[in-house]
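Listing of model25.cif; format and content: mmCIF, C-alpha atoms and all ligand atoms.
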```cif
data_run
#
loop_
_atom_site.label_atom_id
_atom_site.label_comp_id
_atom_site.auth_asym_id
_atom_site.auth_seq_id
_atom_site.Cartn_x
_atom_site.Cartn_y
_atom_site.Cartn_z
CA MET U 1 6.86 -27.51 32.94
CA LEU U 2 5.53 -23.97 33.03
CA LYS U 3 3.44 -22.78 35.93
CA PRO U 4 -0.01 -21.68 34.70
CA LYS U 5 0.63 -18.11 35.83
CA ILE U 6 3.83 -17.93 33.76
CA GLU U 7 2.22 -19.67 30.80
CA ASP U 8 -0.60 -17.09 30.79
CA ALA U 9 1.85 -14.21 31.02
CA LEU U 10 3.97 -15.65 28.19
CA ASN U 11 0.88 -16.04 26.01
CA ALA U 12 -0.05 -12.43 26.78
CA GLN U 13 3.46 -11.29 25.76
CA LEU U 14 3.22 -13.37 22.59
CA ASN U 15 0.08 -11.41 21.79
CA GLU U 16 1.87 -8.12 22.56
CA GLU U 17 4.58 -8.99 20.05
CA GLN U 18 2.02 -9.92 17.40
CA THR U 19 0.13 -6.71 18.09
CA ALA U 20 3.36 -4.74 17.64
CA ALA U 21 3.96 -6.54 14.31
CA GLN U 22 0.46 -5.58 13.18
CA GLU U 23 0.95 -1.96 14.26
CA TYR U 24 4.26 -1.70 12.41
CA LEU U 25 2.68 -3.15 9.30
CA ALA U 26 -0.05 -0.47 9.50
CA MET U 27 2.72 2.15 9.82
CA THR U 28 4.45 0.61 6.80
CA ALA U 29 1.22 1.06 4.83
CA TRP U 30 0.92 4.69 5.96
CA PHE U 31 4.40 5.46 4.64
CA GLU U 32 3.89 3.46 1.44
CA GLN U 33 0.71 5.42 0.70
CA ARG U 34 2.73 8.63 0.87
CA ASN U 35 5.62 7.33 -1.22
CA LEU U 36 7.98 7.57 1.72
CA ARG U 37 9.44 4.22 0.84
CA GLY U 38 12.55 4.42 3.00
CA PHE U 39 10.52 4.80 6.16
CA ALA U 40 8.16 2.14 4.83
CA SER U 41 11.04 -0.36 4.42
CA PHE U 42 12.28 0.45 7.90
CA MET U 43 8.85 -0.16 9.43
CA ARG U 44 8.39 -3.34 7.44
CA ALA U 45 11.65 -4.61 8.93
CA GLN U 46 10.36 -3.73 12.41
CA ALA U 47 7.14 -5.64 11.74
CA GLU U 48 9.21 -8.67 10.73
CA GLU U 49 11.36 -8.34 13.86
CA GLU U 50 8.25 -8.33 16.04
CA ARG U 51 7.06 -11.48 14.32
CA GLN U 52 10.40 -13.08 15.21
CA HIS U 53 10.00 -11.92 18.81
CA ALA U 54 6.56 -13.56 18.94
CA LEU U 55 8.06 -16.80 17.61
CA LYS U 56 10.81 -16.78 20.24
CA ILE U 57 8.14 -16.80 22.94
CA PHE U 58 6.08 -19.35 21.00
CA ASP U 59 9.11 -21.68 20.91
CA HIS U 60 9.91 -21.13 24.58
CA ILE U 61 6.36 -22.13 25.58
CA PHE U 62 6.72 -25.38 23.62
CA ASP U 63 10.26 -26.00 24.88
CA ARG U 64 8.81 -25.92 28.38
CA SER U 65 5.93 -28.27 27.53
CA GLY U 66 3.41 -25.47 27.78
CA HIS U 67 0.37 -24.57 25.72
CA VAL U 68 0.34 -21.77 23.22
CA GLN U 69 -2.89 -19.84 23.23
CA LEU U 70 -3.20 -17.44 20.34
CA LYS U 71 -5.49 -14.49 20.99
CA SER U 72 -7.10 -11.99 18.68
CA ILE U 73 -5.00 -9.04 17.63
CA ALA U 74 -6.51 -5.59 18.06
CA GLU U 75 -6.99 -3.48 14.94
CA PRO U 76 -3.99 -1.17 14.70
CA ALA U 77 -4.13 2.61 14.34
CA SER U 78 -3.74 3.50 10.68
CA ASP U 79 -4.30 7.23 10.67
CA PHE U 80 -1.42 9.47 11.68
CA ASP U 81 -0.90 13.23 11.43
CA SER U 82 2.71 13.11 10.31
CA PRO U 83 5.81 10.91 10.03
CA ARG U 84 6.77 12.18 13.47
CA ALA U 85 3.41 11.00 14.86
CA VAL U 86 4.09 7.54 13.43
CA PHE U 87 7.44 7.27 15.19
CA GLU U 88 6.00 8.76 18.37
CA ALA U 89 3.40 5.94 18.35
CA ALA U 90 6.22 3.44 17.75
CA TYR U 91 8.13 4.89 20.71
CA GLU U 92 5.08 4.54 22.95
CA ARG U 93 4.63 0.94 21.79
CA GLU U 94 8.26 0.13 22.60
CA LYS U 95 8.09 1.74 26.04
CA GLY U 96 4.96 -0.33 26.73
CA ASN U 97 6.71 -3.46 25.53
CA THR U 98 9.69 -2.81 27.79
CA LYS U 99 7.33 -2.50 30.75
CA SER U 100 5.56 -5.76 29.99
CA ILE U 101 8.85 -7.62 29.46
CA HIS U 102 10.15 -6.31 32.79
CA ALA U 103 6.91 -7.31 34.55
CA LEU U 104 7.18 -10.77 33.03
CA TYR U 105 10.81 -11.06 34.14
CA ARG U 106 9.83 -10.06 37.68
CA LEU U 107 6.97 -12.57 37.71
CA ALA U 108 9.27 -15.35 36.49
CA GLY U 109 11.71 -14.53 39.31
CA GLU U 110 8.95 -14.56 41.92
CA ASN U 111 7.98 -18.02 40.66
CA ASP U 112 11.53 -19.41 40.54
CA ASP U 113 11.27 -19.80 36.76
CA TYR U 114 14.92 -19.18 35.93
CA ALA U 115 14.65 -20.64 32.42
CA THR U 116 12.03 -18.05 31.51
CA GLN U 117 14.19 -15.34 33.06
CA ALA U 118 17.17 -16.52 30.98
CA MET U 119 15.05 -16.42 27.80
CA LEU U 120 13.83 -12.91 28.69
CA GLN U 121 17.38 -11.58 29.10
CA TRP U 122 17.58 -11.37 25.32
CA PHE U 123 14.39 -9.30 25.22
CA ILE U 124 15.61 -6.96 27.95
CA THR U 125 18.72 -6.14 25.92
CA GLU U 126 16.72 -5.90 22.70
CA GLN U 127 14.30 -3.40 24.25
CA VAL U 128 17.14 -0.96 24.93
CA GLU U 129 17.85 -0.94 21.18
CA GLU U 130 14.14 -0.82 20.30
CA GLU U 131 13.47 2.26 22.42
CA ARG U 132 16.62 3.90 21.14
CA TRP U 133 15.75 3.79 17.42
CA ALA U 134 12.23 5.03 18.07
CA GLU U 135 13.34 7.92 20.26
CA GLU U 136 16.10 8.84 17.82
CA ALA U 137 13.68 8.94 14.88
CA VAL U 138 11.30 11.24 16.79
CA GLY U 139 14.25 13.51 17.60
CA LEU U 140 15.45 13.61 13.98
CA LEU U 141 11.95 14.35 12.71
CA ASP U 142 11.76 17.19 15.23
CA VAL U 143 14.94 18.62 13.74
CA ALA U 144 13.53 18.23 10.20
CA ALA U 145 10.26 19.91 11.31
CA ASP U 146 8.40 21.15 8.19
CA ASN U 147 11.42 21.04 5.89
CA ARG U 148 10.46 18.73 2.99
CA SER U 149 14.08 18.28 1.81
CA ALA U 150 15.16 17.18 5.28
CA LEU U 151 12.24 14.75 5.41
CA LEU U 152 13.26 13.22 2.08
CA MET U 153 16.86 12.92 3.29
CA LEU U 154 15.66 11.10 6.38
CA ASP U 155 13.46 8.85 4.28
CA ALA U 156 16.52 7.86 2.22
CA ARG U 157 18.56 7.34 5.40
CA TYR U 158 15.95 5.03 6.92
CA GLY U 159 15.66 3.12 3.66
CA ALA U 160 19.43 2.58 3.68
CA LYS U 161 19.31 1.51 7.32
CA ALA U 162 16.64 -1.08 6.51
CA ALA U 163 18.67 -2.36 3.54
CA GLU U 164 21.82 -2.62 5.69
CA GLU U 165 20.04 -4.50 8.43
CA GLY U 166 18.39 -6.82 5.92
CA ALA U 167 21.69 -7.57 4.15
FE1 LIG U 201 9.30 -6.97 20.41
FE2 LIG U 201 9.86 -3.98 19.52
O1 LIG U 201 9.71 -5.27 20.84
#
```

Could you express the structure from this file as structure tokens?
Amino acid sequence: MLKPKIEDALNAQLNEEQTAAQEYLAMTAWFEQRNLRGFASFMRAQAEEERQHALKIFDHIFDRSGHVQLKSIAEPASDFDSPRAVFEAAYEREKGNTKSIHALYRLAGENDDYATQAMLQWFITEQVEEERWAEEAVGLLDVAADNRSALLMLDARYGAKAAEEGA
């Protein structure tokens, strides 16, 4: 049985994951509208991953005989100055998510909830990967700067990455 404090924190993290999914879908739309379809596919895959993260927490709450409480999802930003700005926003989102996962892990430990800590181990490892791709994309877009050919090459590369991961 989940302690109410942990149940609330898990429901809040479930909402964080759904918010991330919504944000990545808005980023997908931004790229689609500019015919940068490789980046769009990559972001679509991220949105789907976030949905899976939300479901992992959803299942854990039920596995522990808790109550899922779905909350409203804030409207995502949909206006960005550049592809770099999109990935910068993604990087900020991931850093925020890492912080909230770590806080949740700490809270679970303080409440002797070892099962929740075990479930969160997966997220802790995943967040290392999540921050890495976002930071790398910002770095690559810095290198590309205003060079349109480099941007198109990166678009193709991210499209291939999404296809590989989806295969
Ligand atoms: Fe669910 Fe991108 O962290």

Could I get the residues of chain U with an atom no further than 9 Å from an atom of ligand LIG 201 (chain U), each paired with its nearest atom pair and that distance in Å to one decimal, using only C-alpha atoms and all ligand atoms, sorted by chain and residue number, as a Markdown table?
```
| residue | atom | partner | partner_atom | distance |
| --- | --- | --- | --- | --- |
| U:Glu16 | CA | U:LIG201 | FE1 | 7.8 |
| U:Glu17 | CA | U:LIG201 | FE1 | 5.1 |
| U:Gln18 | CA | U:LIG201 | FE1 | 8.4 |
| U:Ala20 | CA | U:LIG201 | FE2 | 6.8 |
| U:Ala21 | CA | U:LIG201 | FE1 | 8.1 |
| U:Gln46 | CA | U:LIG201 | FE2 | 7.1 |
| U:Ala47 | CA | U:LIG201 | FE2 | 8.4 |
| U:Glu49 | CA | U:LIG201 | FE1 | 7.0 |
| U:Glu50 | CA | U:LIG201 | FE1 | 4.7 |
| U:Arg51 | CA | U:LIG201 | FE1 | 7.9 |
| U:Gln52 | CA | U:LIG201 | FE1 | 8.1 |
| U:His53 | CA | U:LIG201 | FE1 | 5.2 |
| U:Ala54 | CA | U:LIG201 | FE1 | 7.3 |
| U:Ala90 | CA | U:LIG201 | FE2 | 8.5 |
| U:Arg93 | CA | U:LIG201 | FE2 | 7.5 |
| U:Glu94 | CA | U:LIG201 | FE2 | 5.4 |
| U:Lys95 | CA | U:LIG201 | FE2 | 8.9 |
| U:Asn97 | CA | U:LIG201 | O1 | 5.9 |
| U:Thr98 | CA | U:LIG201 | O1 | 7.4 |
| U:Ile101 | CA | U:LIG201 | O1 | 9.0 |
| U:Phe123 | CA | U:LIG201 | FE1 | 7.4 |
| U:Glu126 | CA | U:LIG201 | O1 | 7.3 |
| U:Gln127 | CA | U:LIG201 | O1 | 6.0 |
| U:Glu129 | CA | U:LIG201 | FE2 | 8.7 |
| U:Glu130 | CA | U:LIG201 | FE2 | 5.4 |
| U:Glu131 | CA | U:LIG201 | FE2 | 7.8 |
```

(15.3, -14.7, 32.7) in this file's frame - what residues fall within 12 Å of it? Use all atoms listed in the file and give the answer as a list of chain:residue names.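 Result, sorted by chain then residue number: U:Ile6, U:His60, U:Ile101, U:His102, U:Ala103, U:Leu104, U:Tyr105, U:Arg106, U:Leu107, U:Ala108, U:Gly109, U:Glu110, U:Asn111, U:Asp112, U:Asp113, U:Tyr114, U:Ala115, U:Thr116, U:Gln117, U:Ala118, U:Met119, U:Leu120, U:Gln121, U:Trp122, U:Phe123, U:Ile124, U:Thr125.
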
For the residues selected in the previous step, produce a file with C-alpha atoms as a short mmCIF file (atom, residue, chain, number, x, y, z; two decimals), keeping the file's coordinate frame.
```cif
data_model
loop_
_atom_site.label_atom_id
_atom_site.label_comp_id
_atom_site.auth_asym_id
_atom_site.auth_seq_id
_atom_site.Cartn_x
_atom_site.Cartn_y
_atom_site.Cartn_z
CA ILE U 6 3.83 -17.93 33.76
CA HIS U 60 9.91 -21.13 24.58
CA ILE U 101 8.85 -7.62 29.46
CA HIS U 102 10.15 -6.31 32.79
CA ALA U 103 6.91 -7.31 34.55
CA LEU U 104 7.18 -10.77 33.03
CA TYR U 105 10.81 -11.06 34.14
CA ARG U 106 9.83 -10.06 37.68
CA LEU U 107 6.97 -12.57 37.71
CA ALA U 108 9.27 -15.35 36.49
CA GLY U 109 11.71 -14.53 39.31
CA GLU U 110 8.95 -14.56 41.92
CA ASN U 111 7.98 -18.02 40.66
CA ASP U 112 11.53 -19.41 40.54
CA ASP U 113 11.27 -19.80 36.76
CA TYR U 114 14.92 -19.18 35.93
CA ALA U 115 14.65 -20.64 32.42
CA THR U 116 12.03 -18.05 31.51
CA GLN U 117 14.19 -15.34 33.06
CA ALA U 118 17.17 -16.52 30.98
CA MET U 119 15.05 -16.42 27.80
CA LEU U 120 13.83 -12.91 28.69
CA GLN U 121 17.38 -11.58 29.10
CA TRP U 122 17.58 -11.37 25.32
CA PHE U 123 14.39 -9.30 25.22
CA ILE U 124 15.61 -6.96 27.95
CA THR U 125 18.72 -6.14 25.92
#
```

d(atom CA of U:Asn11, atom CA of U:Ala74) in Å: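 Separating atom CA of U:Asn11 from atom CA of U:Ala74 is a distance of 15.1 Å.
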
So that I can see what lies close to U:Ala40, please list as a ChimeraX atom specification the residues with an atom at most 7 Å from it, counting only C-alpha atoms and leaving out residues fewer than 6 positions away in the same chain. /U:28,31-32

Do a neighbour search on U:Asp59 at 10 Å with only C-alpha atoms, toss out local chain neighbours closer than 6 positions, and write the hits as a list in words.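 My reading of the contact set: Ser65, Gly66 and Val68 of chain U.
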
Option closest in space to U:Ile73, from U:Glu135, U:Asn15, U:Glu165, U:Leu151 [counting all atoms listed in the file]: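 Checking each of U:Glu135, U:Asn15, U:Glu165, U:Leu151 against U:Ile73, counting all atoms listed in the file, the winner is U:Asn15.
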
Separation of atom CA of U:Pro76 from atom CA of U:Glu23, in Å and rounded to one decimal: 5.0 Å
